[in-house]
>>> print(open('run11.cif').read())   # mmCIF, C-alpha atoms and all ligand atoms
data_upload
loop_
_atom_site.label_atom_id
_atom_site.label_comp_id
_atom_site.auth_asym_id
_atom_site.auth_seq_id
_atom_site.Cartn_x
_atom_site.Cartn_y
_atom_site.Cartn_z
CA MET A 242 -124.96 2.59 -181.68
CA CYS A 243 -122.53 -0.27 -181.60
CA SER A 244 -123.62 -3.59 -183.04
CA GLU A 245 -123.62 -6.72 -180.87
CA LYS A 246 -120.91 -8.44 -182.85
CA ARG A 247 -117.33 -8.27 -181.65
CA PRO A 248 -114.70 -7.92 -184.37
CA ALA A 249 -111.61 -10.06 -184.77
CA PRO A 250 -108.97 -10.34 -183.46
CA ALA A 251 -110.65 -11.55 -180.29
CA ARG A 252 -108.37 -11.06 -177.33
CA GLY A 253 -109.30 -10.68 -173.70
CA PRO A 254 -109.36 -7.10 -172.48
CA SER A 255 -106.40 -5.92 -170.45
CA PHE A 256 -106.78 -2.26 -169.83
CA GLY A 257 -104.11 0.26 -169.02
CA TRP A 258 -103.79 4.02 -169.47
CA LYS A 259 -100.48 4.44 -171.17
CA LYS A 260 -100.77 7.21 -173.69
CA SER A 261 -97.13 6.96 -174.63
CA THR A 262 -97.66 3.47 -176.00
CA ILE A 263 -100.01 4.64 -178.74
CA ALA A 264 -98.61 6.33 -181.76
CA ASP A 265 -99.49 6.52 -185.40
CA GLU A 266 -97.30 4.67 -187.83
CA PRO A 267 -94.49 6.89 -189.10
CA SER A 268 -95.22 8.37 -192.50
CA ARG A 269 -92.85 7.24 -195.25
CA ALA A 270 -90.51 10.18 -195.76
CA VAL A 271 -87.52 8.22 -197.05
CA ALA A 272 -87.41 6.29 -200.30
CA LEU A 273 -87.80 2.53 -200.21
CA PRO A 274 -84.63 0.47 -200.79
CA SER A 275 -85.81 -0.51 -204.28
CA GLU A 276 -86.23 3.15 -205.18
CA ARG A 277 -82.78 4.10 -203.90
CA SER A 278 -80.66 1.39 -205.45
CA PRO A 279 -82.20 -1.62 -207.18
CA ILE A 280 -80.16 -4.80 -207.48
CA ILE A 281 -82.91 -6.66 -209.37
CA SER A 282 -85.27 -4.94 -211.82
CA VAL A 283 -88.28 -6.87 -213.09
CA ALA A 284 -90.37 -5.42 -215.92
CA GLY A 285 -93.63 -6.74 -217.36
CA LEU A 286 -92.81 -10.27 -216.21
CA THR A 287 -95.46 -12.73 -217.39
CA ARG A 288 -95.84 -16.51 -217.37
CA THR A 289 -98.76 -18.38 -218.82
CA TYR A 290 -99.60 -22.08 -218.59
CA GLY A 291 -102.10 -22.73 -221.38
CA ASP A 292 -105.06 -20.48 -220.62
CA LEU A 293 -103.83 -19.66 -217.11
CA THR A 294 -101.80 -16.51 -216.54
CA ALA A 295 -99.85 -17.47 -213.42
CA VAL A 296 -97.86 -14.21 -213.38
CA ASP A 297 -99.40 -11.24 -215.09
CA ALA A 298 -97.10 -8.45 -216.33
CA ILE A 299 -95.54 -7.62 -212.96
CA THR A 300 -93.01 -4.82 -212.57
CA PHE A 301 -90.99 -4.33 -209.40
CA ALA A 302 -87.47 -3.90 -208.08
CA VAL A 303 -85.49 -5.26 -205.14
CA GLY A 304 -83.25 -2.85 -203.23
CA ARG A 305 -79.55 -3.58 -202.84
CA GLY A 306 -78.82 -4.95 -199.37
CA SER A 307 -82.46 -5.03 -198.35
CA LEU A 308 -84.62 -7.72 -196.82
CA PHE A 309 -87.38 -8.03 -199.39
CA ALA A 310 -90.52 -10.04 -198.60
CA PHE A 311 -92.66 -11.41 -201.40
CA LEU A 312 -96.00 -12.26 -199.91
CA GLY A 313 -99.19 -13.81 -201.19
CA PRO A 314 -101.70 -16.60 -200.64
CA ASN A 315 -101.23 -20.08 -202.09
CA GLY A 316 -101.45 -20.10 -205.88
CA ALA A 317 -100.80 -16.34 -206.09
CA GLY A 318 -97.75 -16.72 -208.34
CA LYS A 319 -94.84 -16.45 -205.88
CA SER A 320 -93.00 -19.63 -206.89
CA THR A 321 -93.48 -18.95 -210.58
CA THR A 322 -92.05 -15.45 -210.11
CA ILE A 323 -89.09 -16.59 -208.03
CA SER A 324 -88.35 -19.35 -210.58
CA MET A 325 -88.21 -16.77 -213.37
CA VAL A 326 -86.14 -14.31 -211.33
CA THR A 327 -83.63 -17.07 -210.49
CA THR A 328 -83.45 -18.13 -214.20
CA LEU A 329 -84.94 -21.58 -213.52
CA LEU A 330 -88.01 -20.86 -215.64
CA ALA A 331 -88.25 -18.90 -218.88
CA PRO A 332 -90.83 -16.08 -218.84
CA SER A 333 -93.57 -15.91 -221.48
CA SER A 334 -92.65 -12.22 -221.72
CA GLY A 335 -90.97 -9.47 -219.75
CA THR A 336 -87.45 -8.97 -218.44
CA VAL A 337 -85.39 -9.62 -215.32
CA THR A 338 -82.20 -7.57 -215.02
CA TYR A 339 -79.56 -7.76 -212.28
CA PHE A 340 -77.23 -4.85 -211.53
CA ALA A 341 -79.08 -2.62 -214.02
CA ASP A 342 -77.33 0.49 -212.64
CA THR A 343 -73.83 -0.87 -213.21
CA GLU A 344 -71.61 -1.14 -216.28
CA VAL A 345 -72.29 -4.86 -216.52
CA PRO A 346 -76.03 -5.46 -216.19
CA LEU A 347 -77.00 -9.13 -216.37
CA VAL A 348 -80.17 -10.03 -218.25
CA ALA A 349 -82.07 -13.28 -217.60
CA GLY A 350 -82.22 -15.43 -220.72
CA ARG A 351 -78.97 -13.93 -221.99
CA ASP A 352 -76.64 -14.12 -218.99
CA ASP A 353 -78.10 -17.03 -216.99
CA PRO A 354 -74.79 -18.68 -215.98
CA LEU A 355 -73.47 -15.33 -214.69
CA ILE A 356 -76.71 -14.63 -212.82
CA ARG A 357 -76.58 -18.09 -211.22
CA ARG A 358 -73.06 -17.35 -210.04
CA ALA A 359 -74.29 -14.16 -208.38
CA ILE A 360 -77.20 -15.67 -206.47
CA GLY A 361 -77.86 -18.35 -203.85
CA VAL A 362 -81.18 -20.15 -203.66
CA VAL A 363 -82.69 -22.12 -200.76
CA PHE A 364 -85.91 -23.83 -201.81
CA GLN A 365 -88.09 -26.00 -199.61
CA ASP A 366 -86.49 -29.20 -200.86
CA SER A 367 -82.88 -29.43 -199.76
CA LEU A 368 -80.11 -30.29 -202.19
CA LEU A 369 -77.97 -31.86 -199.45
CA ASP A 370 -77.37 -35.59 -199.01
CA ARG A 371 -78.93 -36.95 -195.82
CA GLU A 372 -76.24 -39.60 -195.35
CA LEU A 373 -73.25 -37.27 -195.59
CA THR A 374 -72.10 -35.01 -192.78
CA VAL A 375 -72.79 -31.31 -193.23
CA GLU A 376 -69.08 -30.74 -193.76
CA ASP A 377 -68.80 -33.37 -196.50
CA ASN A 378 -71.94 -32.01 -198.13
CA LEU A 379 -70.46 -28.52 -198.16
CA LEU A 380 -67.07 -29.72 -199.43
CA LEU A 381 -68.77 -31.65 -202.24
CA ARG A 382 -70.84 -28.63 -203.24
CA ALA A 383 -67.80 -26.35 -202.94
CA SER A 384 -65.99 -28.55 -205.47
CA PHE A 385 -68.78 -27.77 -207.99
CA TYR A 386 -67.80 -24.10 -207.78
CA HIS A 387 -64.07 -24.88 -207.55
CA SER A 388 -64.20 -23.19 -204.14
CA PRO A 389 -61.34 -24.02 -201.77
CA ARG A 390 -61.85 -25.75 -198.44
CA SER A 391 -61.18 -22.40 -196.78
CA ARG A 392 -64.51 -21.15 -198.15
CA VAL A 393 -66.34 -23.89 -196.25
CA ASP A 394 -64.39 -23.02 -193.09
CA GLU A 395 -65.20 -19.34 -193.58
CA ILE A 396 -68.94 -19.99 -193.90
CA ALA A 397 -68.91 -22.39 -190.96
CA GLU A 398 -67.34 -19.65 -188.87
CA THR A 399 -69.71 -16.94 -190.11
CA LEU A 400 -72.75 -19.05 -189.32
CA GLU A 401 -71.17 -20.42 -186.10
CA MET A 402 -71.85 -23.97 -187.19
CA GLY A 403 -69.26 -25.61 -184.93
CA GLU A 404 -70.16 -29.20 -184.08
CA LEU A 405 -73.00 -29.16 -186.59
CA LEU A 406 -70.47 -29.82 -189.34
CA ARG A 407 -69.65 -33.31 -188.05
CA HIS A 408 -73.26 -34.57 -188.02
CA PRO A 409 -74.97 -36.33 -190.91
CA TYR A 410 -77.44 -33.89 -192.49
CA GLY A 411 -80.28 -36.42 -192.03
CA HIS A 412 -79.77 -36.44 -188.23
CA LEU A 413 -80.21 -32.70 -187.77
CA SER A 414 -83.20 -30.78 -186.44
CA GLY A 415 -85.27 -28.72 -188.89
CA GLY A 416 -83.57 -25.48 -187.90
CA GLN A 417 -80.07 -26.96 -188.16
CA ARG A 418 -80.90 -28.32 -191.61
CA ARG A 419 -82.12 -24.93 -192.76
CA ARG A 420 -78.92 -23.29 -191.55
CA SER A 421 -76.91 -25.93 -193.40
CA ASP A 422 -78.97 -25.26 -196.54
CA ILE A 423 -78.22 -21.56 -196.18
CA ALA A 424 -74.51 -22.37 -195.74
CA ARG A 425 -74.63 -24.35 -198.99
CA ALA A 426 -76.26 -21.42 -200.79
CA LEU A 427 -73.46 -19.10 -199.63
CA LEU A 428 -70.60 -21.10 -201.15
CA ASN A 429 -70.46 -19.01 -204.33
CA ARG A 430 -70.46 -15.69 -202.40
CA PRO A 431 -73.91 -14.63 -203.64
CA LYS A 432 -74.98 -11.02 -203.83
CA VAL A 433 -78.62 -12.06 -203.49
CA LEU A 434 -79.93 -14.93 -201.37
CA PHE A 435 -83.38 -16.31 -202.24
CA LEU A 436 -85.21 -18.08 -199.43
CA ASP A 437 -88.48 -19.87 -200.06
CA GLU A 438 -90.46 -19.86 -196.79
CA PRO A 439 -87.29 -20.35 -194.73
CA THR A 440 -88.92 -21.08 -191.39
CA THR A 441 -91.96 -23.08 -192.44
CA GLY A 442 -92.42 -26.10 -190.18
CA LEU A 443 -89.76 -25.04 -187.66
CA ASP A 444 -90.30 -24.75 -183.91
CA PRO A 445 -89.98 -21.27 -182.35
CA GLN A 446 -86.40 -21.79 -181.15
CA SER A 447 -85.24 -23.02 -184.57
CA ARG A 448 -87.05 -20.13 -186.24
CA HIS A 449 -85.17 -17.75 -184.00
CA LEU A 450 -81.82 -19.33 -184.93
CA VAL A 451 -82.57 -19.22 -188.64
CA TRP A 452 -83.59 -15.58 -188.33
CA GLU A 453 -80.42 -14.68 -186.51
CA THR A 454 -78.55 -16.20 -189.43
CA ILE A 455 -80.58 -14.33 -192.05
CA GLU A 456 -80.25 -10.99 -190.26
CA HIS A 457 -76.53 -11.51 -189.82
CA LEU A 458 -76.14 -12.09 -193.56
CA GLN A 459 -78.21 -9.07 -194.48
CA ARG A 460 -76.99 -6.55 -191.90
CA ARG A 461 -73.37 -7.54 -191.43
CA LEU A 462 -72.45 -8.91 -194.84
CA GLY A 463 -74.76 -6.71 -196.93
CA ILE A 464 -76.34 -9.64 -198.78
CA THR A 465 -79.70 -8.84 -200.35
CA VAL A 466 -82.33 -11.28 -199.07
CA PHE A 467 -85.40 -12.10 -201.18
CA LEU A 468 -87.83 -14.22 -199.29
CA THR A 469 -91.24 -15.67 -199.96
CA THR A 470 -93.27 -16.16 -196.86
CA HIS A 471 -96.63 -16.69 -195.24
CA SER A 472 -95.39 -15.83 -191.80
CA MET A 473 -96.41 -12.56 -190.20
CA GLU A 474 -93.31 -12.53 -188.01
CA GLU A 475 -91.10 -12.69 -191.10
CA VAL A 476 -92.98 -9.98 -192.94
CA GLU A 477 -92.59 -7.66 -189.95
CA ARG A 478 -88.79 -7.92 -190.28
CA ALA A 479 -88.72 -6.94 -193.96
CA ASP A 480 -87.47 -3.57 -195.23
CA GLU A 481 -89.88 -3.76 -198.13
CA VAL A 482 -92.90 -5.89 -198.91
CA ARG A 483 -94.55 -6.75 -202.21
CA MET A 484 -97.86 -8.55 -202.19
CA ILE A 485 -99.10 -10.65 -205.10
CA ASP A 486 -102.47 -12.26 -205.71
CA HIS A 487 -103.86 -13.91 -208.85
CA GLY A 488 -100.56 -13.17 -210.59
CA ARG A 489 -100.76 -9.41 -210.05
CA LEU A 490 -99.05 -7.10 -207.59
CA ILE A 491 -101.62 -5.74 -205.19
CA ALA A 492 -99.65 -3.82 -202.55
CA HIS A 493 -96.20 -2.41 -201.91
CA GLY A 494 -94.51 -0.67 -199.01
CA THR A 495 -92.80 -1.09 -195.68
CA PRO A 496 -94.62 -3.17 -193.04
CA ASP A 497 -95.38 0.16 -191.29
CA SER A 498 -96.81 1.91 -194.34
CA LEU A 499 -98.89 -1.14 -195.31
CA ARG A 500 -100.33 -1.36 -191.82
CA ALA A 501 -101.09 2.35 -191.82
CA THR A 502 -102.95 2.01 -195.13
CA TYR A 503 -104.75 -1.29 -194.80
CA ALA A 504 -105.05 -2.23 -191.13
CA HIS A 505 -107.30 -0.76 -188.44
CA HIS A 506 -106.16 -0.28 -184.89
CA HIS A 507 -108.59 -1.20 -182.13
CA LEU A 508 -109.54 0.97 -179.18
CA ARG A 509 -111.26 -1.01 -176.43
CA VAL A 510 -113.03 0.70 -173.56
CA PRO A 511 -115.33 -0.56 -170.81
CA ALA A 512 -118.97 -0.05 -171.86
CA ARG A 513 -120.73 2.90 -170.20
CA ALA A 514 -124.16 4.30 -170.95
CA GLY A 515 -124.06 6.42 -174.07
CA LEU A 516 -120.38 5.79 -174.82
CA SER A 517 -120.92 3.66 -177.86
CA ARG A 518 -123.16 6.35 -179.33
CA GLN A 519 -120.45 8.92 -178.71
CA LEU A 520 -117.86 6.73 -180.43
CA ALA A 521 -120.17 6.20 -183.38
CA ASP A 522 -120.84 9.97 -183.58
CA ALA A 523 -117.07 10.53 -183.60
CA GLY A 524 -116.90 8.34 -186.71
CA PHE A 525 -115.59 5.09 -185.23
CA GLU A 526 -117.13 1.81 -186.29
CA CYS A 527 -117.68 -0.12 -183.10
CA THR A 528 -119.09 -3.28 -181.64
CA GLU A 529 -120.01 -4.12 -178.06
CA LYS A 530 -119.78 -7.43 -176.26
CA ASP A 531 -119.37 -8.62 -172.66
CA GLY A 532 -119.16 -5.11 -171.31
CA VAL A 533 -116.43 -4.01 -173.72
CA ILE A 534 -116.73 -1.62 -176.64
CA ASP A 535 -114.34 -2.23 -179.52
CA ALA A 536 -113.86 0.70 -181.91
CA ALA A 537 -111.98 0.39 -185.21
CA VAL A 538 -109.52 3.30 -185.46
CA SER A 539 -107.61 4.41 -188.56
CA ARG A 540 -105.29 6.90 -186.86
CA ALA A 541 -104.02 6.59 -183.31
CA ALA A 542 -104.25 10.38 -183.00
CA ASP A 543 -108.05 10.17 -183.37
CA ALA A 544 -108.22 7.66 -180.51
CA ILE A 545 -106.06 9.90 -178.32
CA ALA A 546 -108.24 12.91 -179.09
CA PHE A 547 -111.37 10.95 -178.22
CA LEU A 548 -109.88 9.68 -174.97
CA GLU A 549 -108.79 13.18 -174.01
CA ARG A 550 -112.26 14.58 -174.67
CA ASN A 551 -113.77 11.87 -172.48
CA THR A 552 -111.37 11.45 -169.58
CA SER A 553 -114.21 11.90 -167.09
CA ARG A 554 -116.09 8.91 -168.51
CA ILE A 555 -113.25 6.59 -169.56
CA ASP A 556 -110.90 5.50 -166.80
CA ASP A 557 -109.36 2.56 -168.62
CA PHE A 558 -108.70 1.44 -172.17
CA GLU A 559 -106.74 -0.94 -174.37
CA PHE A 560 -105.18 0.06 -177.70
CA ILE A 561 -104.27 -2.69 -180.16
CA HIS A 562 -102.18 -1.84 -183.20
CA GLY A 563 -103.20 -3.12 -186.61
CA THR A 564 -101.05 -6.04 -187.80
CA MET A 565 -99.73 -7.38 -191.10
CA ASP A 566 -102.31 -10.12 -190.65
CA ASP A 567 -105.04 -7.45 -190.92
CA VAL A 568 -103.31 -6.12 -194.07
CA PHE A 569 -103.22 -9.56 -195.65
CA LEU A 570 -106.85 -10.19 -194.75
CA ALA A 571 -107.98 -6.80 -196.10
CA LEU A 572 -106.18 -7.34 -199.41
CA THR A 573 -106.67 -11.04 -200.09
CA GLY A 574 -109.64 -12.07 -197.95
CA GLU A 575 -107.46 -14.74 -196.35
CA ALA A 576 -105.67 -14.94 -193.02
CA LEU A 577 -101.89 -15.11 -192.96
CA ARG A 578 -100.59 -18.40 -191.66
CA GLU A 579 -98.79 -18.20 -188.33
CA ASP A 580 -96.23 -20.98 -188.37
P1 LIG A 601 -97.57 -19.74 -205.19
O1 LIG A 601 -96.12 -20.02 -205.18
O2 LIG A 601 -97.91 -18.33 -204.85
O3 LIG A 601 -98.35 -20.70 -204.34
P2 LIG A 601 -97.45 -20.65 -207.93
O4 LIG A 601 -96.52 -19.72 -208.61
O5 LIG A 601 -96.92 -21.99 -207.54
O6 LIG A 601 -98.12 -19.92 -206.69
O7 LIG A 601 -98.70 -20.90 -208.88
C1 LIG A 601 -99.42 -19.85 -209.53
C2 LIG A 601 -100.50 -20.47 -210.41
O8 LIG A 601 -99.87 -21.16 -211.51
C3 LIG A 601 -101.36 -21.49 -209.71
O9 LIG A 601 -102.67 -21.40 -210.19
C4 LIG A 601 -100.71 -22.81 -210.11
O10 LIG A 601 -101.66 -23.84 -210.10
C5 LIG A 601 -100.24 -22.49 -211.53
N1 LIG A 601 -99.06 -23.29 -211.93
C6 LIG A 601 -97.85 -23.25 -211.35
N2 LIG A 601 -96.99 -24.06 -211.98
C7 LIG A 601 -97.68 -24.64 -212.98
C8 LIG A 601 -97.35 -25.60 -214.02
N3 LIG A 601 -96.11 -26.10 -214.12
N4 LIG A 601 -98.33 -25.94 -214.88
C9 LIG A 601 -99.56 -25.41 -214.77
N5 LIG A 601 -99.94 -24.52 -213.85
C10 LIG A 601 -99.02 -24.14 -212.96
#
>>> encode(input="run11.cif", output="structure tokens")
Amino acid sequence: MCSEKRPAPARGPSFGWKKSTIADEPSRAVALPSERSPIISVAGLTRTYGDLTAVDAITFAVGRGSLFAFLGPNGAGKSTTISMVTTLLAPSSGTVTYFADTEVPLVAGRDDPLIRRAIGVVFQDSLLDRELTVEDNLLLRASFYHSPRSRVDEIAETLEMGELLRHPYGHLSGGQRRRSDIARALLNRPKVLFLDEPTTGLDPQSRHLVWETIEHLQRRLGITVFLTTHSMEEVERADEVRMIDHGRLIAHGTPDSLRATYAHHHLRVPARAGLSRQLADAGFECTEKDGVIDAAVSRAADAIAFLERNTSRIDDFEFIHGTMDDVFLALTGEALRED
């Protein structure tokens, strides 16, 4: 029989018989971007601080042109990894290689200036001057790379910055600042753009604008995007996800494949005499509360089969897909932050 406890996520029931809306996650028939064509190859990367191993012999690749999400709870080792991959921090051991499949691979520690020329980095703390206008900030930064003014104009057009250019950076909204930071990181025509929690602290509208910018860069211009994030919404957009905890890689896949492996769907049906027993006999773990039975379901097909066998007794149901939040919780014991 079902227990009395109702599992998370707790949402009010809203029933509706729409079989077409339930489907199992697609199985992964095609190779992941990192398997097809890696632009960054990391092998055995390790960083210790005294007795603490912040990053513990991790090996992974980032696919050319992909949106790669690096996900993990606080203290997992994300920043330490990204610092090593961007050549800002020397590893204790292991290697980071860019363009390994080309005639001119670049190796961190040996080719740092060349790697820095090939990447753009947007960390949480902006490099831009609050007193200067966005345009003056960009022109100043462009002079560091000996980039012509036309490069600033080109980026402003690509990111549709318009009037934004004339405003002092310090007067902008959070989303406008983040777009300006991204513009700054594009001055050297990077092949890979690193974004550290790009939408943290932004309101929904600003988040949307920043995401339009990121997707434009990835899809239209073919820039590889490497982002660290806590946000479920951002993870869902990624082509490939790597999860890290306690310095070790703990999961890898597409958002779909990770959900299929680690998250349960939920089938909710109105409670009827004997129904919870039937669900339990069919192998579903279920709970019952306030006249609703909630069954944890691994495969949508099993839920459909159960519903079809019991159409005379079930006239309404709700099917809730597993989320990346469930994946994160299952793997790390913590909830993903929704910001
Ligand atoms: P994340 O970015 O996932 O929050 P970090 O890479 O910042 O994680 O940190 C990983 C671990 O390494 C944490 O335990 C953190 O306290 C430790 N750490 C990070 N930087 C240093 C440092 N400079 N000195 C000592 N310990 C550090």
>>> closest_atom_pairs(input="run11.cif", of="chain A", to="ligand LIG 601 (chain A)", cutoff="6 Å", atoms="only C-alpha atoms and all ligand atoms", output="tab-separated table")
residue	atom	partner	partner_atom	distance
A:Tyr290	CA	A:LIG601	C9	5.1
A:Ala295	CA	A:LIG601	O8	4.2
A:Gly313	CA	A:LIG601	O2	6.0
A:Pro314	CA	A:LIG601	O2	5.9
A:Asn315	CA	A:LIG601	O3	3.7
A:Gly316	CA	A:LIG601	O6	3.4
A:Ala317	CA	A:LIG601	O2	3.7
A:Gly318	CA	A:LIG601	O4	3.3
A:Lys319	CA	A:LIG601	O2	3.7
A:Ser320	CA	A:LIG601	O1	3.6
A:Thr321	CA	A:LIG601	O4	3.7
>>> residues_around(input="run11.cif", residues="stretch 535-546 of chain A", least_positions_apart="5", cutoff="6 Å", atoms="only C-alpha atoms", output="list in words")
Ala264, Asp265, His505, His506, His507, Leu508, Arg509, Phe525, Glu526, Cys527 and Thr528 of chain A
>>> atom_distance(input="run11.cif", atom1="atom CA of A:Thr338", atom2="atom CA of A:Arg288")
16.5 Å
>>> closest_residue(input="run11.cif", among="A:His449, A:Arg518, A:Lys432, A:Arg489", to="A:Val466", atoms="only C-alpha atoms")
A:Lys432
>>> residues_around(input="run11.cif", residues="A:Ala272", least_positions_apart="4", cutoff="12 Å", atoms="only C-alpha atoms", output="count of residues only")
11
>>> atom_distance(input="run11.cif", atom1="atom CA of A:Phe301", atom2="atom CA of A:Thr322")
11.2 Å
>>> residues_around(input="run11.cif", residues="stretch 344-348 of chain A", least_positions_apart="5", cutoff="10 Å", atoms="only C-alpha atoms", output="list in words")
Ile280, Ile281, Ser282, Thr328, Thr336, Val337, Thr338, Tyr339, Asp353, Pro354, Leu355, Ile356 and Ala359 of chain A
>>> closest_residue(input="run11.cif", among="A:Tyr386, A:Phe560, A:Phe364, A:Phe311", to="A:Met473", atoms="only C-alpha atoms")
A:Phe311
>>> residues_near_point(input="run11.cif", point="(-106.5, -16.5, -197.6)", cutoff="12 Å", atoms="all atoms listed in the file", output="list in words")
Leu312, Gly313, Pro314, Asn315, Gly316, Ala317, His471, Asp486, His487, Asp566, Asp567, Val568, Phe569, Leu570, Ala571, Leu572, Thr573, Gly574, Glu575, Ala576, Leu577 and Arg578 of chain A
>>> closest_residue(input="run11.cif", among="A:Asp437, A:Asp444, A:Glu453, A:Asp556", to="A:Phe467", atoms="all atoms listed in the file")
A:Asp437
>>> decode(input="run11.cif", residues="stretch 521-541 of chain A", atoms="N, CA and C atoms", output="tab-separated table (two decimals), in the first residue's frame")
chain	number	residue	atom	x	y	z
A	521	ALA	N	1.28	-0.41	-6.36
A	521	ALA	CA	2.42	-1.01	-5.65
A	521	ALA	C	2.73	-2.39	-6.25
A	522	ASP	N	1.67	-3.16	-6.55
A	522	ASP	CA	1.88	-4.50	-7.15
A	522	ASP	C	2.54	-4.38	-8.53
A	523	ALA	N	2.26	-3.26	-9.22
A	523	ALA	CA	2.87	-3.07	-10.55
A	523	ALA	C	4.31	-2.57	-10.44
A	524	GLY	N	4.77	-2.37	-9.19
A	524	GLY	CA	6.17	-2.02	-9.00
A	524	GLY	C	6.44	-0.54	-8.82
A	525	PHE	N	5.38	0.27	-8.71
A	525	PHE	CA	5.59	1.71	-8.51
A	525	PHE	C	5.66	2.01	-7.02
A	526	GLU	N	6.62	2.84	-6.65
A	526	GLU	CA	6.65	3.34	-5.27
A	526	GLU	C	5.65	4.47	-5.20
A	527	CYS	N	4.72	4.42	-4.26
A	527	CYS	CA	3.74	5.50	-4.25
A	527	CYS	C	3.41	5.99	-2.86
A	528	THR	N	2.88	7.18	-2.82
A	528	THR	CA	2.41	7.79	-1.57
A	528	THR	C	1.02	8.33	-1.82
A	529	GLU	N	0.26	8.50	-0.75
A	529	GLU	CA	-1.12	8.98	-0.91
A	529	GLU	C	-1.38	10.10	0.07
A	530	LYS	N	-1.95	11.18	-0.44
A	530	LYS	CA	-2.30	12.29	0.46
A	530	LYS	C	-3.42	13.12	-0.17
A	531	ASP	N	-4.34	13.57	0.66
A	531	ASP	CA	-5.44	14.45	0.22
A	531	ASP	C	-6.17	13.90	-1.00
A	532	GLY	N	-6.39	12.62	-1.01
A	532	GLY	CA	-7.17	12.03	-2.09
A	532	GLY	C	-6.41	11.86	-3.40
A	533	VAL	N	-5.08	12.01	-3.35
A	533	VAL	CA	-4.28	11.85	-4.57
A	533	VAL	C	-3.17	10.83	-4.33
A	534	ILE	N	-3.04	9.91	-5.26
A	534	ILE	CA	-1.93	8.96	-5.19
A	534	ILE	C	-0.82	9.44	-6.11
A	535	ASP	N	0.39	9.44	-5.60
A	535	ASP	CA	1.56	9.88	-6.37
A	535	ASP	C	2.49	8.69	-6.52
A	536	ALA	N	2.67	8.23	-7.76
A	536	ALA	CA	3.53	7.07	-8.01
A	536	ALA	C	4.81	7.52	-8.72
A	537	ALA	N	5.96	7.08	-8.22
A	537	ALA	CA	7.24	7.39	-8.88
A	537	ALA	C	7.40	6.42	-10.05
A	538	VAL	N	7.71	6.96	-11.22
A	538	VAL	CA	7.74	6.17	-12.45
A	538	VAL	C	9.09	6.36	-13.15
A	539	SER	N	9.76	5.25	-13.47
A	539	SER	CA	11.05	5.38	-14.16
A	539	SER	C	10.85	5.62	-15.65
A	540	ARG	N	9.93	4.84	-16.24
A	540	ARG	CA	9.71	4.96	-17.69
A	540	ARG	C	8.28	5.34	-17.96
A	541	ALA	N	8.09	6.36	-18.80
A	541	ALA	CA	6.74	6.82	-19.11
A	541	ALA	C	5.90	5.68	-19.69
